[in-house]
>>> print(open('query.cif').read())   # mmCIF, N, CA and C atoms
data_model
loop_
_atom_site.label_atom_id
_atom_site.label_comp_id
_atom_site.auth_asym_id
_atom_site.auth_seq_id
_atom_site.Cartn_x
_atom_site.Cartn_y
_atom_site.Cartn_z
N MET A 1 2.41 19.97 -12.50
CA MET A 1 2.81 18.61 -12.21
C MET A 1 2.03 17.67 -13.12
N SER A 2 2.71 16.70 -13.68
CA SER A 2 2.04 15.76 -14.57
C SER A 2 1.15 14.81 -13.77
N TYR A 3 0.15 14.29 -14.45
CA TYR A 3 -0.77 13.33 -13.83
C TYR A 3 -0.01 12.11 -13.33
N ASP A 4 0.97 11.63 -14.12
CA ASP A 4 1.77 10.48 -13.71
C ASP A 4 2.51 10.76 -12.41
N LYS A 5 3.16 11.90 -12.30
CA LYS A 5 3.90 12.28 -11.09
C LYS A 5 2.94 12.48 -9.93
N GLN A 6 1.77 13.05 -10.19
CA GLN A 6 0.78 13.26 -9.14
C GLN A 6 0.35 11.93 -8.53
N ASN A 7 0.11 10.92 -9.36
CA ASN A 7 -0.31 9.62 -8.84
C ASN A 7 0.80 8.95 -8.05
N GLN A 8 2.04 9.09 -8.49
CA GLN A 8 3.16 8.55 -7.73
C GLN A 8 3.24 9.24 -6.37
N ASP A 9 3.04 10.54 -6.34
CA ASP A 9 3.06 11.28 -5.08
C ASP A 9 1.94 10.83 -4.14
N ILE A 10 0.75 10.60 -4.68
CA ILE A 10 -0.37 10.11 -3.85
C ILE A 10 -0.01 8.78 -3.23
N PHE A 11 0.55 7.88 -4.03
CA PHE A 11 0.97 6.57 -3.52
C PHE A 11 2.01 6.72 -2.41
N LEU A 12 3.03 7.54 -2.65
CA LEU A 12 4.08 7.73 -1.64
C LEU A 12 3.54 8.39 -0.37
N GLN A 13 2.62 9.34 -0.52
CA GLN A 13 2.01 9.97 0.66
C GLN A 13 1.21 8.96 1.47
N MET A 14 0.45 8.11 0.77
CA MET A 14 -0.32 7.09 1.47
C MET A 14 0.60 6.12 2.21
N MET A 15 1.66 5.70 1.56
CA MET A 15 2.60 4.79 2.21
C MET A 15 3.25 5.45 3.42
N GLY A 16 3.59 6.73 3.30
CA GLY A 16 4.22 7.43 4.41
C GLY A 16 3.27 7.74 5.55
N ASN A 17 2.09 8.24 5.22
CA ASN A 17 1.16 8.72 6.26
C ASN A 17 0.28 7.64 6.85
N VAL A 18 0.13 6.52 6.18
CA VAL A 18 -0.69 5.42 6.71
C VAL A 18 0.20 4.24 7.10
N VAL A 19 0.91 3.69 6.14
CA VAL A 19 1.67 2.46 6.38
C VAL A 19 2.86 2.70 7.31
N GLU A 20 3.71 3.66 6.98
CA GLU A 20 4.89 3.89 7.83
C GLU A 20 4.54 4.44 9.20
N LYS A 21 3.47 5.20 9.31
CA LYS A 21 3.05 5.72 10.61
C LYS A 21 2.20 4.73 11.39
N LEU A 22 1.89 3.57 10.75
CA LEU A 22 1.06 2.54 11.39
C LEU A 22 -0.24 3.15 11.90
N ASP A 23 -0.89 3.94 11.05
CA ASP A 23 -2.07 4.70 11.45
C ASP A 23 -3.04 4.81 10.28
N THR A 24 -4.21 4.22 10.41
CA THR A 24 -5.19 4.23 9.32
C THR A 24 -6.19 5.39 9.41
N SER A 25 -6.00 6.32 10.31
CA SER A 25 -7.00 7.38 10.51
C SER A 25 -7.19 8.26 9.27
N GLU A 26 -6.20 8.35 8.39
CA GLU A 26 -6.32 9.19 7.19
C GLU A 26 -6.43 8.37 5.91
N ILE A 27 -6.76 7.09 6.03
CA ILE A 27 -6.73 6.22 4.86
C ILE A 27 -7.70 6.66 3.76
N GLU A 28 -8.85 7.22 4.13
CA GLU A 28 -9.83 7.63 3.13
C GLU A 28 -9.38 8.87 2.35
N ARG A 29 -8.35 9.51 2.81
CA ARG A 29 -7.75 10.62 2.07
C ARG A 29 -7.06 10.12 0.79
N TYR A 30 -6.67 8.85 0.80
CA TYR A 30 -5.89 8.28 -0.31
C TYR A 30 -6.62 7.21 -1.11
N LEU A 31 -7.66 6.61 -0.55
CA LEU A 31 -8.37 5.51 -1.20
C LEU A 31 -9.82 5.88 -1.44
N THR A 32 -10.37 5.47 -2.59
CA THR A 32 -11.77 5.76 -2.89
C THR A 32 -12.68 4.92 -1.99
N ARG A 33 -13.93 5.35 -1.87
CA ARG A 33 -14.89 4.60 -1.05
C ARG A 33 -15.14 3.20 -1.61
N ASP A 34 -15.03 3.06 -2.93
CA ASP A 34 -15.23 1.74 -3.56
C ASP A 34 -13.89 1.08 -3.90
N PHE A 35 -12.87 1.39 -3.12
CA PHE A 35 -11.53 0.83 -3.26
C PHE A 35 -11.56 -0.69 -3.24
N GLU A 36 -10.71 -1.29 -4.08
CA GLU A 36 -10.54 -2.74 -4.10
C GLU A 36 -9.05 -3.07 -4.10
N LEU A 37 -8.68 -4.02 -3.25
CA LEU A 37 -7.31 -4.51 -3.20
C LEU A 37 -7.34 -6.01 -3.46
N GLU A 38 -6.47 -6.45 -4.35
CA GLU A 38 -6.23 -7.88 -4.52
C GLU A 38 -4.77 -8.11 -4.19
N SER A 39 -4.52 -8.80 -3.09
CA SER A 39 -3.16 -9.03 -2.62
C SER A 39 -2.94 -10.52 -2.41
N ASN A 40 -2.07 -11.10 -3.21
CA ASN A 40 -1.76 -12.53 -3.08
C ASN A 40 -3.02 -13.38 -2.99
N ARG A 41 -3.92 -13.17 -3.93
CA ARG A 41 -5.17 -13.93 -4.06
C ARG A 41 -6.21 -13.59 -2.99
N CYS A 42 -6.03 -12.56 -2.22
CA CYS A 42 -7.01 -12.16 -1.21
C CYS A 42 -7.63 -10.83 -1.64
N LEU A 43 -8.96 -10.77 -1.67
CA LEU A 43 -9.67 -9.56 -2.07
C LEU A 43 -10.14 -8.79 -0.84
N MET A 44 -9.98 -7.47 -0.88
CA MET A 44 -10.41 -6.61 0.23
C MET A 44 -11.03 -5.34 -0.31
N ASN A 45 -12.08 -4.88 0.36
CA ASN A 45 -12.61 -3.56 0.09
C ASN A 45 -11.97 -2.59 1.09
N LEU A 46 -12.40 -1.34 1.07
CA LEU A 46 -11.79 -0.33 1.94
C LEU A 46 -11.87 -0.71 3.41
N ASN A 47 -13.05 -1.11 3.89
CA ASN A 47 -13.21 -1.43 5.31
C ASN A 47 -12.38 -2.64 5.72
N ARG A 48 -12.38 -3.66 4.87
CA ARG A 48 -11.60 -4.85 5.20
C ARG A 48 -10.11 -4.55 5.18
N TYR A 49 -9.67 -3.73 4.23
CA TYR A 49 -8.26 -3.36 4.18
C TYR A 49 -7.86 -2.56 5.42
N ARG A 50 -8.71 -1.63 5.83
CA ARG A 50 -8.44 -0.84 7.05
C ARG A 50 -8.33 -1.78 8.26
N ASP A 51 -9.28 -2.71 8.39
CA ASP A 51 -9.25 -3.67 9.50
C ASP A 51 -7.99 -4.54 9.45
N HIS A 52 -7.63 -4.97 8.23
CA HIS A 52 -6.43 -5.79 8.04
C HIS A 52 -5.19 -5.03 8.51
N LEU A 53 -5.06 -3.78 8.10
CA LEU A 53 -3.91 -2.99 8.52
C LEU A 53 -3.91 -2.77 10.02
N ASN A 54 -5.05 -2.40 10.59
CA ASN A 54 -5.11 -2.16 12.04
C ASN A 54 -4.69 -3.40 12.82
N GLU A 55 -5.12 -4.58 12.38
CA GLU A 55 -4.75 -5.82 13.06
C GLU A 55 -3.25 -6.07 12.90
N ALA A 56 -2.72 -5.88 11.70
CA ALA A 56 -1.29 -6.08 11.47
C ALA A 56 -0.46 -5.09 12.29
N PHE A 57 -0.87 -3.84 12.33
CA PHE A 57 -0.11 -2.80 13.03
C PHE A 57 0.04 -3.11 14.52
N LYS A 58 -0.90 -3.84 15.11
CA LYS A 58 -0.83 -4.17 16.54
C LYS A 58 0.43 -4.97 16.89
N SER A 59 0.93 -5.75 15.94
CA SER A 59 2.09 -6.60 16.22
C SER A 59 3.40 -6.02 15.69
N LEU A 60 3.36 -4.80 15.16
CA LEU A 60 4.55 -4.23 14.53
C LEU A 60 5.10 -3.03 15.28
N ARG A 61 6.40 -2.89 15.23
CA ARG A 61 7.08 -1.71 15.76
C ARG A 61 7.23 -0.67 14.66
N SER A 62 7.53 -1.15 13.42
CA SER A 62 7.72 -0.19 12.34
C SER A 62 7.61 -0.87 10.98
N ILE A 63 7.31 -0.05 9.98
CA ILE A 63 7.40 -0.42 8.57
C ILE A 63 8.13 0.74 7.90
N GLN A 64 9.18 0.40 7.18
CA GLN A 64 9.97 1.43 6.52
C GLN A 64 10.04 1.13 5.03
N LEU A 65 9.44 2.01 4.23
CA LEU A 65 9.50 1.90 2.79
C LEU A 65 10.90 2.28 2.33
N LYS A 66 11.50 1.44 1.50
CA LYS A 66 12.84 1.76 0.98
C LYS A 66 12.68 2.71 -0.19
N ARG A 67 13.35 3.86 -0.09
CA ARG A 67 13.29 4.89 -1.13
C ARG A 67 14.65 5.06 -1.76
N PRO A 68 14.73 5.35 -3.04
CA PRO A 68 13.61 5.51 -3.96
C PRO A 68 12.99 4.16 -4.30
N LEU A 69 11.78 4.21 -4.85
CA LEU A 69 11.13 2.99 -5.30
C LEU A 69 12.02 2.31 -6.34
N THR A 70 12.02 1.00 -6.36
CA THR A 70 12.89 0.25 -7.26
C THR A 70 12.55 0.52 -8.72
N ASP A 71 11.28 0.40 -9.08
CA ASP A 71 10.83 0.65 -10.45
C ASP A 71 9.49 1.36 -10.41
N VAL A 72 9.30 2.28 -11.34
CA VAL A 72 8.04 3.01 -11.45
C VAL A 72 7.70 3.14 -12.93
N ILE A 73 6.50 2.72 -13.29
CA ILE A 73 5.98 2.92 -14.64
C ILE A 73 4.63 3.58 -14.48
N ALA A 74 4.49 4.77 -15.02
CA ALA A 74 3.25 5.53 -14.87
C ALA A 74 2.71 5.89 -16.25
N ASN A 75 1.39 5.79 -16.38
CA ASN A 75 0.74 6.16 -17.63
C ASN A 75 -0.69 6.58 -17.31
N GLY A 76 -0.94 7.88 -17.36
CA GLY A 76 -2.29 8.38 -17.10
C GLY A 76 -2.75 8.02 -15.70
N ASP A 77 -3.87 7.28 -15.63
CA ASP A 77 -4.45 6.95 -14.33
C ASP A 77 -3.95 5.62 -13.78
N LYS A 78 -2.85 5.09 -14.34
CA LYS A 78 -2.29 3.81 -13.90
C LYS A 78 -0.85 3.99 -13.45
N LEU A 79 -0.49 3.22 -12.42
CA LEU A 79 0.85 3.27 -11.87
C LEU A 79 1.27 1.84 -11.53
N ALA A 80 2.44 1.44 -11.99
CA ALA A 80 3.02 0.15 -11.62
C ALA A 80 4.30 0.45 -10.86
N VAL A 81 4.46 -0.19 -9.70
CA VAL A 81 5.64 0.06 -8.87
C VAL A 81 6.19 -1.26 -8.33
N ARG A 82 7.49 -1.29 -8.18
CA ARG A 82 8.16 -2.38 -7.49
C ARG A 82 8.94 -1.73 -6.37
N PHE A 83 8.73 -2.23 -5.16
CA PHE A 83 9.38 -1.61 -4.02
C PHE A 83 9.61 -2.64 -2.92
N SER A 84 10.40 -2.25 -1.95
CA SER A 84 10.69 -3.09 -0.79
C SER A 84 10.39 -2.32 0.47
N MET A 85 10.05 -3.07 1.51
CA MET A 85 9.80 -2.50 2.83
C MET A 85 10.51 -3.36 3.87
N THR A 86 11.01 -2.72 4.90
CA THR A 86 11.53 -3.44 6.05
C THR A 86 10.46 -3.38 7.13
N ILE A 87 10.04 -4.56 7.59
CA ILE A 87 8.98 -4.67 8.58
C ILE A 87 9.60 -5.21 9.86
N THR A 88 9.40 -4.49 10.97
CA THR A 88 9.97 -4.88 12.26
C THR A 88 8.84 -5.13 13.24
N ASP A 89 8.87 -6.30 13.88
CA ASP A 89 7.82 -6.63 14.84
C ASP A 89 8.13 -6.03 16.21
N LYS A 90 7.22 -6.21 17.16
CA LYS A 90 7.37 -5.61 18.50
C LYS A 90 8.60 -6.14 19.23
N ILE A 91 9.04 -7.35 18.91
CA ILE A 91 10.21 -7.95 19.55
C ILE A 91 11.50 -7.35 18.99
N GLY A 92 11.42 -6.81 17.76
CA GLY A 92 12.59 -6.22 17.12
C GLY A 92 13.13 -7.04 15.97
N ILE A 93 12.42 -8.11 15.60
CA ILE A 93 12.84 -8.93 14.46
C ILE A 93 12.39 -8.25 13.18
N SER A 94 13.34 -8.05 12.25
CA SER A 94 13.05 -7.36 10.99
C SER A 94 13.12 -8.34 9.82
N ASP A 95 12.32 -8.07 8.82
CA ASP A 95 12.33 -8.84 7.58
C ASP A 95 11.96 -7.90 6.45
N ASP A 96 12.49 -8.17 5.28
CA ASP A 96 12.16 -7.37 4.11
C ASP A 96 11.03 -8.02 3.33
N ALA A 97 10.17 -7.21 2.76
CA ALA A 97 9.12 -7.67 1.86
C ALA A 97 9.32 -6.95 0.54
N ASP A 98 9.20 -7.70 -0.53
CA ASP A 98 9.30 -7.14 -1.88
C ASP A 98 7.91 -7.18 -2.50
N ILE A 99 7.49 -6.07 -3.09
CA ILE A 99 6.13 -5.94 -3.61
C ILE A 99 6.16 -5.42 -5.04
N ILE A 100 5.33 -6.02 -5.87
CA ILE A 100 5.03 -5.49 -7.21
C ILE A 100 3.56 -5.13 -7.18
N ALA A 101 3.25 -3.88 -7.45
CA ALA A 101 1.86 -3.40 -7.36
C ALA A 101 1.47 -2.65 -8.62
N MET A 102 0.23 -2.86 -9.01
CA MET A 102 -0.37 -2.11 -10.11
C MET A 102 -1.57 -1.37 -9.52
N LEU A 103 -1.61 -0.06 -9.74
CA LEU A 103 -2.66 0.76 -9.15
C LEU A 103 -3.41 1.53 -10.23
N HIS A 104 -4.70 1.71 -9.99
CA HIS A 104 -5.55 2.52 -10.86
C HIS A 104 -6.12 3.64 -10.00
N PHE A 105 -6.08 4.86 -10.52
CA PHE A 105 -6.52 6.04 -9.76
C PHE A 105 -7.83 6.57 -10.33
N LYS A 106 -8.64 7.08 -9.42
CA LYS A 106 -9.91 7.72 -9.80
C LYS A 106 -10.11 8.89 -8.85
N ASP A 107 -10.40 10.06 -9.41
CA ASP A 107 -10.64 11.26 -8.60
C ASP A 107 -9.49 11.55 -7.63
N ASN A 108 -8.25 11.40 -8.12
CA ASN A 108 -7.04 11.67 -7.35
C ASN A 108 -6.89 10.79 -6.11
N LYS A 109 -7.44 9.59 -6.18
CA LYS A 109 -7.29 8.61 -5.11
C LYS A 109 -7.03 7.24 -5.73
N ILE A 110 -6.48 6.35 -4.92
CA ILE A 110 -6.25 4.98 -5.38
C ILE A 110 -7.59 4.26 -5.38
N HIS A 111 -7.97 3.74 -6.53
CA HIS A 111 -9.25 3.07 -6.69
C HIS A 111 -9.09 1.54 -6.67
N ARG A 112 -8.09 1.05 -7.37
CA ARG A 112 -7.86 -0.39 -7.43
C ARG A 112 -6.37 -0.64 -7.28
N TRP A 113 -6.03 -1.65 -6.48
CA TRP A 113 -4.64 -1.97 -6.17
C TRP A 113 -4.51 -3.48 -6.27
N CYS A 114 -3.66 -3.95 -7.17
CA CYS A 114 -3.37 -5.38 -7.31
C CYS A 114 -1.89 -5.56 -7.00
N GLU A 115 -1.57 -6.52 -6.12
CA GLU A 115 -0.17 -6.70 -5.76
C GLU A 115 0.18 -8.16 -5.50
N LEU A 116 1.46 -8.42 -5.67
CA LEU A 116 2.07 -9.68 -5.26
C LEU A 116 3.21 -9.31 -4.33
N SER A 117 3.33 -10.04 -3.23
CA SER A 117 4.42 -9.75 -2.30
C SER A 117 5.18 -11.04 -1.98
N TYR A 118 6.45 -10.84 -1.68
CA TYR A 118 7.27 -11.94 -1.21
C TYR A 118 8.05 -11.44 -0.01
N PRO A 119 7.98 -12.12 1.10
CA PRO A 119 7.17 -13.31 1.29
C PRO A 119 5.68 -12.99 1.29
N ASP A 120 4.88 -14.00 1.02
CA ASP A 120 3.43 -13.88 1.01
C ASP A 120 2.95 -13.64 2.44
N TRP A 121 2.33 -12.48 2.70
CA TRP A 121 1.89 -12.13 4.05
C TRP A 121 0.88 -13.13 4.61
N GLN A 122 0.22 -13.88 3.76
CA GLN A 122 -0.77 -14.85 4.23
C GLN A 122 -0.13 -16.10 4.83
N THR A 123 1.15 -16.34 4.52
CA THR A 123 1.82 -17.54 5.02
C THR A 123 2.75 -17.23 6.18
N GLU A 124 2.88 -15.98 6.54
CA GLU A 124 3.79 -15.59 7.62
C GLU A 124 3.15 -15.82 8.97
#
>>> encode(input="query.cif", output="structure tokens")
Amino acid sequence: MSYDKQNQDIFLQMMGNVVEKLDTSEIERYLTRDFELESNRCLMNLNRYRDHLNEAFKSLRSIQLKRPLTDVIANGDKLAVRFSMTITDKIGISDDADIIAMLHFKDNKIHRWCELSYPDWQTE
């Protein structure tokens, strides 16, 4: 398996096993200890990202990643993806989010993740 395909698989596994399952218990399997996320001008380390997800998951019924990913550009330890997710809250109201993300991998884990999303999760 190529390194590019391996990194795409790691990303998809993380999205499936953490985000879609609304469960952060395996997050360190996919993210480095010194992980950094920059999302819509907000910076998070691993612990803050885990806390952010856990808080968000409390109000959600489901998150469904739309497959296949819209666009994928992979080169060595870098992956750029454009994808959409359908997010449904506990009441049953659904909305789509569109994300453009650039990821850097280290030791077969996501080390740095920069993304822009619409709508901006900070204004919702």
>>> residues_near_point(input="query.cif", point="(10.1, -1.1, 18.7)", cutoff="10 Å", atoms="only C-alpha atoms", output="short mmCIF file (atom, residue, chain, number, x, y, z; two decimals) with N, CA and C atoms, in the coordinates of the input")
data_model
loop_
_atom_site.label_atom_id
_atom_site.label_comp_id
_atom_site.auth_asym_id
_atom_site.auth_seq_id
_atom_site.Cartn_x
_atom_site.Cartn_y
_atom_site.Cartn_z
N LEU A 60 3.36 -4.80 15.16
CA LEU A 60 4.55 -4.23 14.53
C LEU A 60 5.10 -3.03 15.28
N ARG A 61 6.40 -2.89 15.23
CA ARG A 61 7.08 -1.71 15.76
C ARG A 61 7.23 -0.67 14.66
N SER A 62 7.53 -1.15 13.42
CA SER A 62 7.72 -0.19 12.34
C SER A 62 7.61 -0.87 10.98
N THR A 88 9.40 -4.49 10.97
CA THR A 88 9.97 -4.88 12.26
C THR A 88 8.84 -5.13 13.24
N ASP A 89 8.87 -6.30 13.88
CA ASP A 89 7.82 -6.63 14.84
C ASP A 89 8.13 -6.03 16.21
N LYS A 90 7.22 -6.21 17.16
CA LYS A 90 7.37 -5.61 18.50
C LYS A 90 8.60 -6.14 19.23
N ILE A 91 9.04 -7.35 18.91
CA ILE A 91 10.21 -7.95 19.55
C ILE A 91 11.50 -7.35 18.99
N GLY A 92 11.42 -6.81 17.76
CA GLY A 92 12.59 -6.22 17.12
C GLY A 92 13.13 -7.04 15.97
N ILE A 93 12.42 -8.11 15.60
CA ILE A 93 12.84 -8.93 14.46
C ILE A 93 12.39 -8.25 13.18
#
>>> residues_around(input="query.cif", residues="Ala101 (chain A)", least_positions_apart="5", cutoff="6.5 Å", atoms="all atoms listed in the file", output="ChimeraX atom specification")
/A:79-83,113-116
>>> axis_aligned_box(input="query.cif", around="region 100-110 of chain A", padding_each_side="6 Å", output="JSON")
{"center_x": -2.7, "center_y": 2.8, "center_z": -7.9, "size_x": 28.0, "size_y": 29.7, "size_z": 17.9}
>>> resolve_selection(input="query.cif", expression="the PyMOL selection byres (((chain A and resi 43-50 and name CA) around 8) and name CA)", output="PyMOL selection string")
chain A and resi 24+27+31-39+41-42+51-54
>>> closest_residue(input="query.cif", among="A:Asp77, A:Pro119, A:Thr86, A:Ser94", to="Asn7 (chain A)", atoms="all atoms listed in the file")
A:Asp77
>>> decode(input="query.cif", residues="region 1-22 of chain A", atoms="N, CA, C and O atoms", output="PDB file, in the first residue's frame")
ATOM      1  N   MET A   1       0.846  -1.176   0.000  1.00  0.00           N
ATOM      2  CA  MET A   1       0.000   0.000   0.000  1.00  0.00           C
ATOM      3  C   MET A   1       0.893   1.241   0.000  1.00  0.00           C
ATOM      4  O   MET A   1       1.869   1.304   0.733  1.00  0.00           O
ATOM      5  N   SER A   2       0.551   2.209  -0.817  1.00  0.00           N
ATOM      6  CA  SER A   2       1.358   3.424  -0.880  1.00  0.00           C
ATOM      7  C   SER A   2       1.148   4.263   0.375  1.00  0.00           C
ATOM      8  O   SER A   2       0.119   4.173   1.042  1.00  0.00           O
ATOM      9  N   TYR A   3       2.142   5.080   0.665  1.00  0.00           N
ATOM     10  CA  TYR A   3       2.074   5.982   1.814  1.00  0.00           C
ATOM     11  C   TYR A   3       0.880   6.919   1.684  1.00  0.00           C
ATOM     12  O   TYR A   3       0.174   7.182   2.652  1.00  0.00           O
ATOM     13  N   ASP A   4       0.633   7.423   0.461  1.00  0.00           N
ATOM     14  CA  ASP A   4      -0.500   8.319   0.232  1.00  0.00           C
ATOM     15  C   ASP A   4      -1.814   7.631   0.575  1.00  0.00           C
ATOM     16  O   ASP A   4      -2.665   8.204   1.252  1.00  0.00           O
ATOM     17  N   LYS A   5      -2.009   6.415   0.103  1.00  0.00           N
ATOM     18  CA  LYS A   5      -3.235   5.655   0.371  1.00  0.00           C
ATOM     19  C   LYS A   5      -3.335   5.322   1.856  1.00  0.00           C
ATOM     20  O   LYS A   5      -4.419   5.377   2.442  1.00  0.00           O
ATOM     21  N   GLN A   6      -2.216   5.001   2.487  1.00  0.00           N
ATOM     22  CA  GLN A   6      -2.208   4.687   3.908  1.00  0.00           C
ATOM     23  C   GLN A   6      -2.701   5.880   4.727  1.00  0.00           C
ATOM     24  O   GLN A   6      -3.505   5.726   5.640  1.00  0.00           O
ATOM     25  N   ASN A   7      -2.249   7.083   4.394  1.00  0.00           N
ATOM     26  CA  ASN A   7      -2.679   8.268   5.135  1.00  0.00           C
ATOM     27  C   ASN A   7      -4.159   8.559   4.917  1.00  0.00           C
ATOM     28  O   ASN A   7      -4.865   8.932   5.858  1.00  0.00           O
ATOM     29  N   GLN A   8      -4.642   8.352   3.705  1.00  0.00           N
ATOM     30  CA  GLN A   8      -6.068   8.526   3.450  1.00  0.00           C
ATOM     31  C   GLN A   8      -6.869   7.522   4.276  1.00  0.00           C
ATOM     32  O   GLN A   8      -7.894   7.862   4.853  1.00  0.00           O
ATOM     33  N   ASP A   9      -6.399   6.299   4.366  1.00  0.00           N
ATOM     34  CA  ASP A   9      -7.078   5.280   5.166  1.00  0.00           C
ATOM     35  C   ASP A   9      -7.092   5.646   6.647  1.00  0.00           C
ATOM     36  O   ASP A   9      -8.101   5.440   7.334  1.00  0.00           O
ATOM     37  N   ILE A  10      -5.981   6.176   7.159  1.00  0.00           N
ATOM     38  CA  ILE A  10      -5.932   6.599   8.570  1.00  0.00           C
ATOM     39  C   ILE A  10      -6.974   7.679   8.818  1.00  0.00           C
ATOM     40  O   ILE A  10      -7.715   7.640   9.802  1.00  0.00           O
ATOM     41  N   PHE A  11      -7.046   8.654   7.920  1.00  0.00           N
ATOM     42  CA  PHE A  11      -8.034   9.720   8.051  1.00  0.00           C
ATOM     43  C   PHE A  11      -9.452   9.160   8.046  1.00  0.00           C
ATOM     44  O   PHE A  11     -10.269   9.491   8.908  1.00  0.00           O
ATOM     45  N   LEU A  12      -9.754   8.284   7.090  1.00  0.00           N
ATOM     46  CA  LEU A  12     -11.096   7.709   7.007  1.00  0.00           C
ATOM     47  C   LEU A  12     -11.429   6.851   8.221  1.00  0.00           C
ATOM     48  O   LEU A  12     -12.564   6.863   8.712  1.00  0.00           O
ATOM     49  N   GLN A  13     -10.443   6.104   8.730  1.00  0.00           N
ATOM     50  CA  GLN A  13     -10.674   5.303   9.938  1.00  0.00           C
ATOM     51  C   GLN A  13     -10.964   6.195  11.140  1.00  0.00           C
ATOM     52  O   GLN A  13     -11.855   5.903  11.937  1.00  0.00           O
ATOM     53  N   MET A  14     -10.212   7.284  11.268  1.00  0.00           N
ATOM     54  CA  MET A  14     -10.449   8.211  12.373  1.00  0.00           C
ATOM     55  C   MET A  14     -11.845   8.824  12.275  1.00  0.00           C
ATOM     56  O   MET A  14     -12.582   8.883  13.254  1.00  0.00           O
ATOM     57  N   MET A  15     -12.224   9.236  11.084  1.00  0.00           N
ATOM     58  CA  MET A  15     -13.550   9.818  10.904  1.00  0.00           C
ATOM     59  C   MET A  15     -14.637   8.795  11.220  1.00  0.00           C
ATOM     60  O   MET A  15     -15.646   9.126  11.838  1.00  0.00           O
ATOM     61  N   GLY A  16     -14.441   7.549  10.814  1.00  0.00           N
ATOM     62  CA  GLY A  16     -15.431   6.512  11.065  1.00  0.00           C
ATOM     63  C   GLY A  16     -15.492   6.078  12.519  1.00  0.00           C
ATOM     64  O   GLY A  16     -16.575   5.948  13.095  1.00  0.00           O
ATOM     65  N   ASN A  17     -14.332   5.848  13.121  1.00  0.00           N
ATOM     66  CA  ASN A  17     -14.291   5.275  14.474  1.00  0.00           C
ATOM     67  C   ASN A  17     -14.405   6.296  15.589  1.00  0.00           C
ATOM     68  O   ASN A  17     -14.728   5.928  16.723  1.00  0.00           O
ATOM     69  N   VAL A  18     -14.149   7.556  15.308  1.00  0.00           N
ATOM     70  CA  VAL A  18     -14.260   8.597  16.331  1.00  0.00           C
ATOM     71  C   VAL A  18     -15.448   9.507  16.031  1.00  0.00           C
ATOM     72  O   VAL A  18     -16.395   9.595  16.808  1.00  0.00           O
ATOM     73  N   VAL A  19     -15.423  10.166  14.890  1.00  0.00           N
ATOM     74  CA  VAL A  19     -16.433  11.180  14.582  1.00  0.00           C
ATOM     75  C   VAL A  19     -17.806  10.551  14.343  1.00  0.00           C
ATOM     76  O   VAL A  19     -18.785  10.936  14.978  1.00  0.00           O
ATOM     77  N   GLU A  20     -17.891   9.581  13.441  1.00  0.00           N
ATOM     78  CA  GLU A  20     -19.202   8.994  13.150  1.00  0.00           C
ATOM     79  C   GLU A  20     -19.758   8.178  14.315  1.00  0.00           C
ATOM     80  O   GLU A  20     -20.974   8.110  14.488  1.00  0.00           O
ATOM     81  N   LYS A  21     -18.904   7.586  15.112  1.00  0.00           N
ATOM     82  CA  LYS A  21     -19.378   6.827  16.274  1.00  0.00           C
ATOM     83  C   LYS A  21     -19.612   7.715  17.487  1.00  0.00           C
ATOM     84  O   LYS A  21     -20.054   7.231  18.534  1.00  0.00           O
ATOM     85  N   LEU A  22     -19.282   9.026  17.353  1.00  0.00           N
ATOM     86  CA  LEU A  22     -19.445   9.977  18.455  1.00  0.00           C
ATOM     87  C   LEU A  22     -18.747   9.462  19.710  1.00  0.00           C
ATOM     88  O   LEU A  22     -19.283   9.492  20.813  1.00  0.00           O
TER      89      LEU A  22
END
